[in-house]
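Student: Handing you a structure now.
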Amino acid sequence: MGHSSSHAHGFDLSAAARRSMIEHGFEPDYPPAVGQQLEELREHPPQEPAGARDLREALWSSIDNDTSRDLDQIEYAEPVGGGHRVLIGIADVDAYVPKGSAIDRHALRETTTVYTGVENFGMLPDELSTGTTSLLEGQERAAVVIEFTVDAQAQIAASDIYRARVVNRGQLAYPSVGAWLRGEGAAPAKVAASAELQQQLKMQDQIAQRLRGQRSNHGALNLLTLETHPIRVNNGGIDIEAEVKNDATQLIEDFMIAANGVVARMLDAKGYSSIRRVVKTPKRWDRIVELAAQKGTKLPADPDPKPLHDFLCAQQAKDPEHFPDLSLAVIKLLGPGEYVVERAGELAQGHFGLAVEHYTHSTAPNRRYADLVMQRLLKAMMAGERSPYSDDELSAVAAQCTRMEDAERKLSREMQKRIAAVAMGGRIGQAFDAIVTGVNEHGTFVRTLQPHVEGMLVRGGHGIDVGDRARVTLVRTDPERGYIDFAKA
């Protein structure tokens, strides 16, 4: 990475990212034993498992962010009977990272890859996560395949899990595939070049929409957040652009939710305890009820995802411009998810926001530790062996994953503010259109519409409230503290 970009306006964002990592309890560097294990893996790569299916000829593809190199999953679908069969191939990370090995111990300490916006700190060394265990295009790889059939009623019927050899035939990206699926953009070159791939992606999109419709009927929450991410600009500075969910991100999300449900139900049926990701009952339902009442909708006194879903859908149709802010408020009030152990045969806790009873994380073992643990449980189940983890071990892993994910959320937010402060550093004195996003004892907060940047209104904040429009002038930025201050123009 060039120095110009990370030292924009004299502030070193990469150094700040490392400091934040350490402050939040992460370890940005790998211990020496990790290097030794990598050396051994180079000399003695893992042996092929006996009996893996040969699915190298299938038209697998992956859709991920433009810049992602740590590819965890690939997808393939085919018509069967009145429905479709969906195959999700998951990178076999466990083959390279055995339980208790040096790389595994470091991964358990971190539990997640941290994307700071200027630098990624991998839970696993890059040599694995963006190399040997990444499902890169054209590379033969070992995978754990989660297969399920979606019948004519959009119900998940039969399912199966097995090991296979696979090759990703098309490494694709969300923005371009999403625009093409929606009919708002030309097909990306790889897609344009293959009628088969076009047909494959359109089929996957139709299946995903049916799965989503099925979840909506049960009250899956329809939330649209604007995630911003930094982009480099030619002069070595940084700008910020909004990432919006599109048809391609939703397709992958729908497939992953279905695959994770299959994994959870199967482990449960075979008597294995596992790790689940849940948003239990919302922390601040009373405040969600108040928000809805302000918009003229009466929600029940007890938490219920279905009426909340209906209210959110109506609001999105009525007032699309403010919907991301409403979504963000609801997400904060629901409270963050956490990892818990579900002991075999116990009642599922479910995930409030997704309206699915069985929800686990198993589809991203290159970047999340819980998913790597789930992969080990699946392998034990396929081999008919007992679980490699006791319930107490699983509880300890779940608690660590929750703790580090909370830390990662705070760190990412901190870095986003710093990046925004650096990006805005050269624009002091400029005026922007903004919307008021928060008013509390600390002050009045606004978000500019172009670019999407949050800041504080240090002058002229009297008498305006959340949702109001304002014209504001940028008066000061402080990248170290992530402050951006505006005055009413």
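Going by the structure tokens order, chains are called A, B, ..., each with residues numbered from 1, while ligands are numbered from 1 in the order shown.
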If we count only C-alpha atoms, what is near Val472 (chain A) at a cut-off of 6 Å, once residues fewer than 3 positions away on the same chain are taken out, given as a PyMOL selection string?
Tutor: chain A and resi 431-432+486-489
Student: Report as a ChimeraX atom specification: the residues of region 100-292 of chain A with a DSSP assignment of strand (DSSP E or B), based on the backbone of this structure.
Tutor: /A:112,114-115,120-121,137,140-150,156-173,227-232,238-243,274-278
Student: Rank nothing, just name the residue among A:Thr112, A:Ser390, A:Thr363, A:Gln36 nearest to Glu342 (chain A), using only C-alpha atoms.
Tutor: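 Under the stated criterion, the closest residue is A:Ser390.
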Student: Write out as a PyMOL selection string all residues of region 263-420 of chain A that DSSP puts in alpha helix (DSSP H) for this structure's backbone.
Tutor: chain A and resi 263-269+285-294+305-318+323-334+369-383+391-420
Student: Quick one: residues within 10 Å of Gly467 (chain A), only C-alpha atoms, excluding same-chain residues fewer than 3 positions away - as a PyMOL selection string?
Tutor: chain A and resi 322+325-326+434-438+446+464+470
Student: So, with only C-alpha atoms as the atoms that count, which of A:Ala192, A:Asp319, A:Thr149, A:Leu71 lies closest to Leu136 (chain A)?
Tutor: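 Result for the nearest residue to Leu136 (chain A): A:Leu71.
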Student: When distances are computed from only C-alpha atoms, which of A:Tyr115, A:Ala248, A:Gln315, A:Gln204 shows the smallest separation from Arg409 (chain A)?
Tutor: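 Nearest to Arg409 (chain A): A:Tyr115.
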Student: Rounded to one decimal, what separation in Å do you get between CA of Gln400 (chain A) and CA of Leu377 (chain A)?
Tutor: 18.0 Å
Student: Give one line per residue of region 32-103 of chain A that approaches region 258-280 of chain A to at most 10 Å, naming the two atoms of the closest pair and their distance in Å to one decimal, counting only C-alpha atoms; sort by chain then ascending residue number and deliver it as JSON lines.
Tutor:
{"residue": "A:Val86", "atom": "CA", "partner": "A:Ala259", "partner_atom": "CA", "distance": 9.2}
{"residue": "A:Leu87", "atom": "CA", "partner": "A:Ala259", "partner_atom": "CA", "distance": 8.9}
{"residue": "A:Ile88", "atom": "CA", "partner": "A:Ala259", "partner_atom": "CA", "distance": 7.3}
Student: Nearest residue to Pro49 (chain A) out of A:Ala383, A:Leu128, A:Met21, A:Met424, using only C-alpha atoms?
Tutor: A:Ala383
